[in-house]
file input-v7.txt (compact mmCIF, C-alpha atoms and all ligand atoms)
# COMPACT_ATOMS: atom_id res chain seq x y z
CA MET V 430 0.00 0.00 0.00
CA ALA V 431 1.58 3.30 -1.04
CA ILE V 432 1.15 6.63 0.67
CA LEU V 433 1.58 9.62 -1.62
CA ARG V 434 2.57 12.76 0.26
CA THR V 435 1.16 15.84 -1.39
CA PRO V 436 0.42 19.44 -0.60
CA GLU V 437 -3.16 20.31 0.23
CA ARG V 438 -4.90 20.30 -3.11
CA PHE V 439 -8.38 19.79 -4.43
CA PRO V 440 -8.54 15.98 -4.90
CA GLY V 441 -9.80 16.02 -8.49
CA GLU V 442 -6.98 18.31 -9.57
CA LEU V 443 -4.50 16.23 -7.63
CA VAL V 444 -5.59 12.92 -9.13
CA ALA V 445 -5.52 14.40 -12.65
CA GLU V 446 -1.94 15.51 -12.03
CA LEU V 447 -0.92 12.17 -10.57
CA VAL V 448 -2.23 10.40 -13.62
CA ALA V 449 -0.62 12.89 -16.02
CA ASN V 450 2.71 12.48 -14.26
CA ALA V 451 2.66 8.71 -14.16
CA PRO V 452 1.67 7.35 -17.56
CA GLY V 453 0.49 3.74 -17.44
CA LYS V 454 -0.31 3.90 -13.73
CA ARG V 455 -3.77 3.42 -12.22
CA PHE V 456 -4.75 4.47 -8.74
CA ALA V 457 -7.47 2.99 -6.60
CA GLY V 458 -8.41 4.07 -3.10
CA ARG V 459 -9.54 6.99 -1.05
CA VAL V 460 -8.35 10.57 -1.57
CA SER V 461 -8.56 12.68 1.59
CA GLN V 462 -8.83 16.44 1.23
CA GLY V 463 -7.10 18.68 3.70
CA THR V 464 -4.94 16.02 5.31
CA GLY V 465 -1.90 16.87 3.25
CA ARG V 466 -1.70 13.38 1.76
CA VAL V 467 -3.57 10.77 -0.16
CA ALA V 468 -4.16 7.68 1.94
CA GLY V 469 -5.11 4.16 1.01
CA VAL V 470 -3.87 4.46 -2.55
CA GLU V 471 -3.00 1.23 -4.30
CA GLN V 472 -0.71 1.41 -7.28
CA ARG V 473 -1.68 -0.61 -10.31
CA TRP V 474 -0.52 -0.42 -13.88
CA ASN V 475 -2.17 -0.65 -17.27
CA PRO V 476 -0.74 -3.65 -19.15
CA PRO V 477 0.62 -2.94 -22.63
CA TYR V 478 -1.89 -3.19 -25.46
CA SER V 479 0.20 -5.72 -27.39
CA LEU V 480 3.33 -7.85 -27.15
CA SER V 481 6.36 -7.89 -29.43
CA PRO V 482 9.36 -10.25 -29.46
CA SER V 483 11.42 -7.64 -27.61
CA SER V 484 8.80 -6.94 -24.92
CA MET V 485 8.25 -10.70 -24.40
CA GLY V 486 11.99 -11.21 -24.07
CA ALA V 487 12.24 -8.26 -21.65
CA PHE V 488 9.56 -9.63 -19.29
CA THR V 489 11.15 -13.07 -19.32
CA THR V 490 14.60 -11.63 -18.62
CA CYS V 491 13.61 -9.20 -15.84
CA PRO V 492 10.01 -8.25 -14.92
CA LEU V 493 11.14 -5.00 -13.23
CA ALA V 494 13.13 -3.83 -16.27
CA PHE V 495 10.03 -4.68 -18.36
CA ARG V 496 7.91 -2.45 -16.10
CA PHE V 497 10.32 0.46 -16.58
CA SER V 498 10.53 0.05 -20.37
CA TYR V 499 7.15 -1.25 -21.53
CA VAL V 500 4.66 -0.28 -18.80
CA GLN V 501 6.03 3.07 -17.61
CA ARG V 502 7.78 3.74 -20.91
CA LEU V 503 10.62 5.54 -19.19
CA PRO V 504 13.21 7.10 -21.50
CA GLU V 505 16.53 5.29 -21.91
CA PRO V 506 19.80 6.87 -23.00
CA PRO V 507 20.84 5.88 -26.53
CA SER V 508 23.35 3.04 -26.79
CA PRO V 509 26.08 2.85 -29.46
CA ALA V 510 25.38 -0.86 -30.06
CA ALA V 511 21.63 -0.34 -30.64
CA SER V 512 22.23 2.73 -32.83
CA ARG V 513 24.82 0.86 -34.90
CA GLY V 514 22.21 -1.85 -35.43
CA THR V 515 19.72 0.77 -36.63
CA LEU V 516 22.30 2.13 -39.11
CA VAL V 517 23.15 -1.32 -40.51
CA HIS V 518 19.46 -2.23 -40.85
CA ARG V 519 18.78 1.01 -42.74
CA ALA V 520 21.72 0.39 -45.12
CA LEU V 521 20.52 -3.17 -45.89
CA GLU V 522 16.96 -1.96 -46.34
CA ARG V 523 18.19 0.54 -48.95
CA LEU V 524 20.28 -2.18 -50.63
CA HIS V 525 17.27 -4.49 -51.06
CA ASP V 526 15.21 -1.61 -52.38
CA ARG V 527 17.53 -1.55 -55.42
CA PRO V 528 17.04 -3.71 -58.53
CA ALA V 529 18.63 -7.12 -57.88
CA ALA V 530 21.55 -6.68 -60.31
CA GLU V 531 22.65 -3.45 -58.54
CA ARG V 532 23.07 -5.05 -55.10
CA THR V 533 26.87 -5.06 -54.99
CA VAL V 534 29.22 -4.42 -52.06
CA GLU V 535 29.96 -0.96 -53.50
CA ALA V 536 26.24 -0.16 -53.65
CA ALA V 537 25.80 -1.37 -50.06
CA LEU V 538 28.61 0.92 -48.87
CA ALA V 539 27.04 3.84 -50.77
CA ASP V 540 23.73 3.01 -49.05
CA LEU V 541 25.51 2.93 -45.70
CA ALA V 542 26.99 6.39 -46.35
CA ILE V 543 23.53 7.77 -47.24
CA ALA V 544 21.97 6.12 -44.18
CA ALA V 545 24.71 7.57 -41.95
CA SER V 546 24.16 11.10 -43.26
CA GLU V 547 20.37 10.70 -42.87
CA LEU V 548 20.61 9.45 -39.31
CA GLU V 549 23.50 11.56 -37.98
CA SER V 550 21.21 14.37 -36.79
CA HIS V 551 18.48 12.05 -35.49
CA PRO V 552 18.06 12.49 -31.69
CA GLU V 553 19.00 8.83 -31.09
CA PHE V 554 22.33 9.35 -32.86
CA ALA V 555 22.96 12.94 -31.76
CA GLY V 556 22.35 11.72 -28.17
CA LEU V 557 25.43 9.50 -28.42
CA GLU V 558 27.49 12.73 -28.41
CA LEU V 559 30.29 11.20 -30.47
CA THR V 560 33.32 13.23 -31.51
CA PRO V 561 34.01 13.31 -35.29
CA GLU V 562 36.68 10.62 -34.79
CA GLN V 563 34.30 8.45 -32.72
CA TRP V 564 31.61 8.91 -35.38
CA ASP V 565 34.03 7.70 -38.07
CA ASN V 566 34.84 4.60 -35.98
CA PHE V 567 31.14 4.02 -35.37
CA VAL V 568 30.42 4.07 -39.13
CA ALA V 569 33.51 1.90 -39.81
CA GLU V 570 32.13 -0.76 -37.42
CA ALA V 571 28.80 -0.62 -39.26
CA GLU V 572 30.71 -1.06 -42.53
CA THR V 573 32.29 -4.27 -41.19
CA HIS V 574 28.79 -5.65 -40.55
CA VAL V 575 27.55 -4.61 -44.00
CA ARG V 576 30.56 -6.29 -45.69
CA ARG V 577 30.04 -9.49 -43.67
CA TYR V 578 26.43 -9.63 -44.84
CA PHE V 579 27.77 -10.61 -48.28
CA ASP V 580 29.45 -13.67 -46.71
CA LEU V 581 26.02 -14.97 -45.72
CA GLU V 582 24.04 -14.59 -48.92
CA ASP V 583 24.11 -13.19 -52.44
CA PRO V 584 21.60 -10.31 -52.39
CA THR V 585 21.22 -10.42 -56.21
CA THR V 586 19.37 -13.74 -55.78
CA VAL V 587 16.92 -12.41 -53.19
CA GLN V 588 13.42 -11.26 -54.09
CA ALA V 589 12.23 -9.19 -51.16
CA VAL V 590 8.46 -8.63 -51.07
CA GLY V 591 8.54 -6.74 -47.77
CA LEU V 592 11.13 -4.55 -46.02
CA GLU V 593 10.73 -3.35 -42.42
CA LEU V 594 7.25 -4.84 -42.56
CA LYS V 595 5.04 -3.91 -39.58
CA LEU V 596 2.49 -6.62 -38.79
CA GLU V 597 -0.05 -7.22 -36.02
CA ALA V 598 -2.42 -10.08 -35.26
CA ASP V 599 -4.69 -11.40 -32.53
CA LEU V 600 -3.64 -14.73 -31.02
CA GLY V 601 -6.62 -15.59 -28.87
CA SER V 602 -6.90 -12.74 -26.37
CA VAL V 603 -3.40 -11.42 -27.04
CA ARG V 604 -2.49 -8.80 -29.62
CA VAL V 605 1.01 -9.47 -30.98
CA ARG V 606 3.09 -7.27 -33.24
CA GLY V 607 6.47 -7.21 -34.90
CA ILE V 608 8.60 -5.54 -37.55
CA ILE V 609 10.03 -8.05 -40.04
CA ASP V 610 13.37 -6.88 -41.45
CA ARG V 611 12.81 -8.69 -44.74
CA LEU V 612 10.18 -11.01 -46.21
CA ASP V 613 11.35 -12.89 -49.32
CA LEU V 614 9.53 -14.82 -51.99
CA THR V 615 11.59 -17.75 -53.29
CA ALA V 616 11.57 -19.06 -56.86
CA ASP V 617 9.34 -21.91 -55.56
CA GLY V 618 6.75 -19.39 -54.39
CA GLU V 619 7.56 -19.82 -50.68
CA LEU V 620 7.94 -17.08 -48.07
CA VAL V 621 11.12 -16.67 -46.02
CA VAL V 622 11.46 -14.39 -42.97
CA THR V 623 14.88 -12.81 -42.43
CA ASP V 624 16.00 -10.98 -39.29
CA TYR V 625 19.39 -9.23 -39.21
CA LYS V 626 21.31 -9.30 -35.93
CA THR V 627 24.27 -7.06 -35.16
CA GLY V 628 24.91 -8.43 -31.65
CA SER V 629 26.97 -11.52 -30.97
CA ALA V 630 25.65 -14.89 -32.09
CA PRO V 631 24.27 -17.17 -29.34
CA SER V 632 25.99 -20.37 -28.30
CA GLU V 633 24.39 -23.62 -29.50
CA ARG V 634 22.59 -23.91 -26.14
CA TRP V 635 20.73 -20.61 -26.68
CA GLU V 636 20.00 -21.02 -30.40
CA GLN V 637 16.38 -22.13 -29.92
CA LYS V 638 15.70 -19.24 -27.55
CA SER V 639 17.11 -16.76 -30.04
CA LEU V 640 14.65 -18.06 -32.66
CA ALA V 641 11.57 -17.19 -30.56
CA GLY V 642 11.22 -13.79 -32.23
CA VAL V 643 11.35 -15.10 -35.82
CA HIS V 644 8.86 -17.85 -35.01
CA LEU V 645 6.49 -15.09 -33.88
CA TYR V 646 7.13 -13.32 -37.20
CA ALA V 647 6.19 -16.55 -39.02
CA VAL V 648 2.88 -16.60 -37.13
CA LEU V 649 2.28 -12.93 -38.00
CA CYS V 650 2.80 -13.77 -41.71
CA GLU V 651 0.44 -16.72 -41.52
CA GLN V 652 -2.24 -14.64 -39.79
CA ASN V 653 -1.91 -11.69 -42.19
CA PHE V 654 -1.28 -13.42 -45.54
CA GLY V 655 -2.75 -16.88 -44.97
CA VAL V 656 0.60 -18.50 -45.79
CA ARG V 657 3.07 -19.97 -43.33
CA PRO V 658 6.67 -19.09 -44.24
CA ALA V 659 8.72 -22.12 -45.28
CA ARG V 660 11.77 -20.84 -43.40
CA VAL V 661 12.83 -18.27 -40.83
CA GLN V 662 16.43 -17.16 -40.53
CA LEU V 663 18.58 -15.04 -38.27
CA LEU V 664 21.61 -13.51 -39.98
CA TYR V 665 24.26 -12.71 -37.37
CA LEU V 666 26.45 -10.18 -39.13
CA SER V 667 29.10 -9.98 -36.40
CA LYS V 668 30.36 -13.54 -36.95
CA PRO V 669 28.94 -13.98 -39.67
CA GLU V 670 26.54 -16.89 -39.09
CA ALA V 671 23.02 -17.85 -40.18
CA ILE V 672 20.63 -19.70 -37.87
CA VAL V 673 17.77 -21.22 -39.81
CA ALA V 674 14.55 -22.90 -38.60
CA LEU V 675 11.41 -24.31 -40.18
CA PRO V 676 8.05 -23.18 -38.75
CA THR V 677 5.77 -26.14 -37.94
CA ASP V 678 2.38 -26.71 -36.30
CA SER V 679 4.28 -27.23 -33.08
CA THR V 680 6.22 -23.90 -33.26
CA VAL V 681 3.02 -22.03 -34.17
CA ARG V 682 1.21 -23.58 -31.17
CA GLY V 683 4.23 -22.75 -29.01
CA VAL V 684 4.08 -19.05 -29.98
CA ALA V 685 0.35 -18.87 -29.15
CA MET V 686 0.79 -20.63 -25.80
CA LYS V 687 3.81 -18.56 -24.79
CA SER V 688 2.12 -15.25 -25.75
CA ALA V 689 -1.00 -16.14 -23.74
CA ALA V 690 1.00 -17.25 -20.70
CA LEU V 691 3.19 -14.15 -20.76
CA MET V 692 0.27 -11.77 -21.19
CA GLN V 693 -1.52 -13.44 -18.27
CA ALA V 694 1.60 -13.05 -16.11
CA ILE V 695 2.00 -9.40 -17.19
CA ARG V 696 -1.64 -8.57 -16.42
CA LYS V 697 -1.27 -10.17 -12.99
CA ALA V 698 1.95 -8.26 -12.32
CA CYS V 699 0.24 -5.01 -13.35
CA ASP V 700 -2.76 -5.64 -11.12
CA LYS V 701 -0.66 -6.52 -8.09
CA ASN V 702 2.11 -4.01 -8.83
CA ASP V 703 4.47 -6.96 -8.51
CA PHE V 704 7.41 -6.65 -10.90
CA ARG V 705 10.38 -8.37 -9.32
CA PRO V 706 13.98 -7.73 -10.32
CA ARG V 707 15.77 -10.71 -11.81
CA THR V 708 19.51 -10.16 -11.73
CA SER V 709 21.73 -11.52 -14.46
CA ASN V 710 24.82 -10.42 -16.37
CA LEU V 711 22.44 -8.13 -18.34
CA CYS V 712 22.19 -5.88 -15.25
CA ASP V 713 25.52 -4.37 -16.37
CA TYR V 714 23.70 -2.94 -19.41
CA CYS V 715 20.43 -1.99 -17.64
CA SER V 716 19.55 1.71 -17.95
CA PHE V 717 17.52 1.57 -14.72
CA GLN V 718 20.03 -0.02 -12.36
CA GLU V 719 20.00 3.05 -10.07
CA PHE V 720 16.27 2.45 -9.41
CA CYS V 721 16.57 -1.31 -8.89
CA PRO V 722 16.16 -2.68 -5.33
CA SER V 723 18.78 -5.33 -6.09
CA PHE V 724 21.25 -2.44 -6.37
CA GLY V 725 19.85 -0.39 -3.46
CA GLY V 726 17.45 1.74 -5.58
CA ASP V 727 13.75 2.61 -5.34
CA PRO V 728 11.67 1.81 -8.47
CA ASP V 729 8.85 4.11 -7.42
CA ILE V 730 10.93 7.28 -7.76
CA ALA V 731 12.20 6.44 -11.28
CA HIS V 732 9.56 8.37 -13.18
CA ALA V 733 9.84 11.51 -11.04
CA VAL V 734 13.67 11.50 -11.07
CA LEU V 735 13.89 11.01 -14.85
CA ALA V 736 11.19 13.64 -15.47
CA ASP V 737 13.11 16.13 -13.28
CA ARG V 738 16.33 15.36 -15.18
CA ALA V 739 14.57 15.85 -18.52
CA SER V 740 13.13 19.17 -17.29
CA ALA V 741 16.56 20.32 -16.10
CA ALA V 742 18.17 19.31 -19.42
CA ALA V 743 15.51 21.24 -21.33
CA GLY V 744 15.80 24.26 -19.00
CA ARG V 745 12.22 23.83 -17.74
CA PRO V 746 11.17 24.12 -14.08
CA PRO V 747 10.79 20.73 -12.37
CA LEU V 748 7.38 19.08 -12.22
CA PRO V 749 5.29 20.48 -9.35
CA LEU V 750 4.59 17.08 -7.92
CA GLY V 751 6.98 14.20 -7.39
CA LEU V 752 5.74 10.73 -6.61
CA SER V 753 7.31 9.35 -3.48
S1 LIG V 801 19.45 -3.92 -12.79
FE1 LIG V 801 19.06 -6.07 -13.36
S2 LIG V 801 17.56 -6.82 -11.90
FE2 LIG V 801 17.54 -4.58 -11.76
S3 LIG V 801 15.93 -3.90 -13.16
FE3 LIG V 801 17.82 -3.89 -14.33
S4 LIG V 801 17.94 -5.92 -15.32
FE4 LIG V 801 16.42 -6.04 -13.66
call {"tool": "encode", "arguments": {"input": "input-v7.txt", "output": "structure tokens"}}
result
Amino acid sequence: MAILRTPERFPGELVAELVANAPGKRFAGRVSQGTGRVAGVEQRWNPPYSLSPSSMGAFTTCPLAFRFSYVQRLPEPPSPAASRGTLVHRALERLHDRPAAERTVEAALADLAIAASELESHPEFAGLELTPEQWDNFVAEAETHVRRYFDLEDPTTVQAVGLELKLEADLGSVRVRGIIDRLDLTADGELVVTDYKTGSAPSERWEQKSLAGVHLYAVLCEQNFGVRPARVQLLYLSKPEAIVALPTDSTVRGVAMKSAALMQAIRKACDKNDFRPRTSNLCDYCSFQEFCPSFGGDPDIAHAVLADRASAAAGRPPLPLGLS
């Protein structure tokens, strides 16, 4: 049970401000006027409208980090690794937008240069605050990934029928969504889902887990186009290595069952305000470690602290009400 300390305010105005300052949060309980605080307030959260491979992976990895990212939608600082991935994806998207015969290494590097100049001023990239030398290194690393792509397949033989394809579907009571990097049509008239990865390739033990996202993409294709892809593939550009799997009745059932179970667990966590931290080696990369109880932090101040920092960075006065 949380107690929110507030100045004396008209309750309606106060509740409106609480809600405005805490997106995704629901309050239930009694608001007392003139006591200087709101008593008997239970914190609950609105579950996300839909699930994606990344949000499903986030909840499985750490429910508390999921709450910060997908329920509260707290801002995270840009990361060089994620931004490099965005740049490589954009370059390969441009490459496959060309006529097949033009998809050479030289064309891919020209596409990378265009993508880099397009994205350089984007807030995600500008937020990295790279020096000109660091920017050059950043683009050079992206170039390594683009060159390695050609070790995995010959793009002149690929017929892409969808690039950065956004799809949604209802699986029972769960809305699922995803962005497919590339959907190909083979000479045999079959669909193939391709997902580019710029992180390190998983060990053999984790291969099946890494395929969860592409199996969801296969289900999205089947639901939207009435055709199950014949193949799904992850192209790990850092190694380079391709991990390929064949969607089956069993993988399709597995996606539906996993989505339903995860959504049920998320709804329960939202209702009970019970998102527990789950420590792992990924904590080293967690943007919210300072608010994590496993590291001595308080999750309930995260929104107010980050909002105050954003206000200070933008030269605005701090929010009039902090949640404590
Ligand atoms: S620091 Fe680790 S345990 Fe804490 S929220 Fe982040 S990922 Fe979860």
call {"tool": "residues_around", "arguments": {"input": "input-v7.txt", "residues": "V:Asn653", "least_positions_apart": "5", "cutoff": "10 Å", "atoms": "all atoms listed in the file", "output": "list in words"}}
result
Leu596, Glu597, Ala598, Ala647 and Val648 of chain V
call {"tool": "residues_near_ligand", "arguments": {"input": "input-v7.txt", "ligand": "ligand LIG 801 (chain V)", "cutoff": "8 Å", "atoms": "all atoms listed in the file", "output": "list of chain:residue names"}}
result
V:Thr490, V:Cys491, V:Pro492, V:Leu493, V:Ala494, V:Phe495, V:Phe497, V:Arg705, V:Pro706, V:Arg707, V:Thr708, V:Ser709, V:Asn710, V:Leu711, V:Cys712, V:Asp713, V:Tyr714, V:Cys715, V:Ser716, V:Phe717, V:Gln718, V:Glu719, V:Phe720, V:Cys721, V:Pro722, V:Ser723, V:Phe724
call {"tool": "residues_near_point", "arguments": {"input": "input-v7.txt", "point": "(-5.4, -5.5, -23.5)", "cutoff": "8 Å", "atoms": "all atoms listed in the file", "output": "list of chain:residue names"}}
result
V:Pro476, V:Pro477, V:Tyr478, V:Ser479, V:Ser602, V:Val603, V:Arg604
call {"tool": "atom_distance", "arguments": {"input": "input-v7.txt", "atom1": "atom CA of V:Gly628", "atom2": "atom CA of V:Ile543"}}
result
22.5 Å
call {"tool": "atom_distance", "arguments": {"input": "input-v7.txt", "atom1": "atom CA of V:Ser481", "atom2": "atom CA of V:Val590"}}
result
21.8 Å
call {"tool": "residues_around", "arguments": {"input": "input-v7.txt", "residues": "stretch 608-620 of chain V", "least_positions_apart": "2", "cutoff": "6 Å", "atoms": "only C-alpha atoms", "output": "VMD selection string"}}
result
chain V and resid 588 to 595 622 to 624 658 to 659
call {"tool": "atom_distance", "arguments": {"input": "input-v7.txt", "atom1": "atom CA of V:Ala530", "atom2": "atom CA of V:Thr585"}}
result
5.6 Å
call {"tool": "residues_around", "arguments": {"input": "input-v7.txt", "residues": "V:Trp564", "least_positions_apart": "5", "cutoff": "12 Å", "atoms": "only C-alpha atoms", "output": "ChimeraX atom specification"}}
result
/V:509,512-513,545-546,548-550,554-555,557-559,569-571
call {"tool": "build_atoms", "arguments": {"input": "input-v7.txt", "residues": "stretch 589-602 of chain V", "atoms": "N, CA and C atoms", "output": "compact mmCIF listing (two decimals), in the coordinates of the input"}}
result
# COMPACT_ATOMS: atom_id res chain seq x y z
N ALA V 589 12.92 -9.65 -52.37
CA ALA V 589 12.23 -9.19 -51.16
C ALA V 589 10.84 -8.66 -51.53
N VAL V 590 9.82 -9.14 -50.82
CA VAL V 590 8.46 -8.63 -51.07
C VAL V 590 8.01 -7.74 -49.92
N GLY V 591 8.85 -7.65 -48.90
CA GLY V 591 8.54 -6.74 -47.77
C GLY V 591 9.82 -6.34 -47.07
N LEU V 592 9.97 -5.05 -46.76
CA LEU V 592 11.13 -4.55 -46.02
C LEU V 592 10.62 -3.75 -44.84
N GLU V 593 11.18 -4.02 -43.65
CA GLU V 593 10.73 -3.35 -42.42
C GLU V 593 9.20 -3.40 -42.33
N LEU V 594 8.69 -4.60 -42.46
CA LEU V 594 7.25 -4.84 -42.56
C LEU V 594 6.62 -4.88 -41.16
N LYS V 595 5.69 -3.94 -40.89
CA LYS V 595 5.04 -3.91 -39.58
C LYS V 595 3.76 -4.73 -39.64
N LEU V 596 3.67 -5.74 -38.79
CA LEU V 596 2.49 -6.62 -38.79
C LEU V 596 1.93 -6.76 -37.38
N GLU V 597 0.63 -6.95 -37.31
CA GLU V 597 -0.05 -7.22 -36.02
C GLU V 597 -1.06 -8.32 -36.23
N ALA V 598 -1.38 -9.03 -35.18
CA ALA V 598 -2.42 -10.08 -35.26
C ALA V 598 -2.92 -10.39 -33.87
N ASP V 599 -4.14 -10.95 -33.81
CA ASP V 599 -4.69 -11.40 -32.53
C ASP V 599 -4.46 -12.90 -32.42
N LEU V 600 -3.79 -13.30 -31.33
CA LEU V 600 -3.64 -14.73 -31.02
C LEU V 600 -4.50 -14.98 -29.80
N GLY V 601 -5.71 -15.47 -30.00
CA GLY V 601 -6.62 -15.59 -28.87
C GLY V 601 -6.89 -14.22 -28.30
N SER V 602 -6.62 -14.04 -27.02
CA SER V 602 -6.90 -12.74 -26.37
C SER V 602 -5.68 -11.84 -26.36
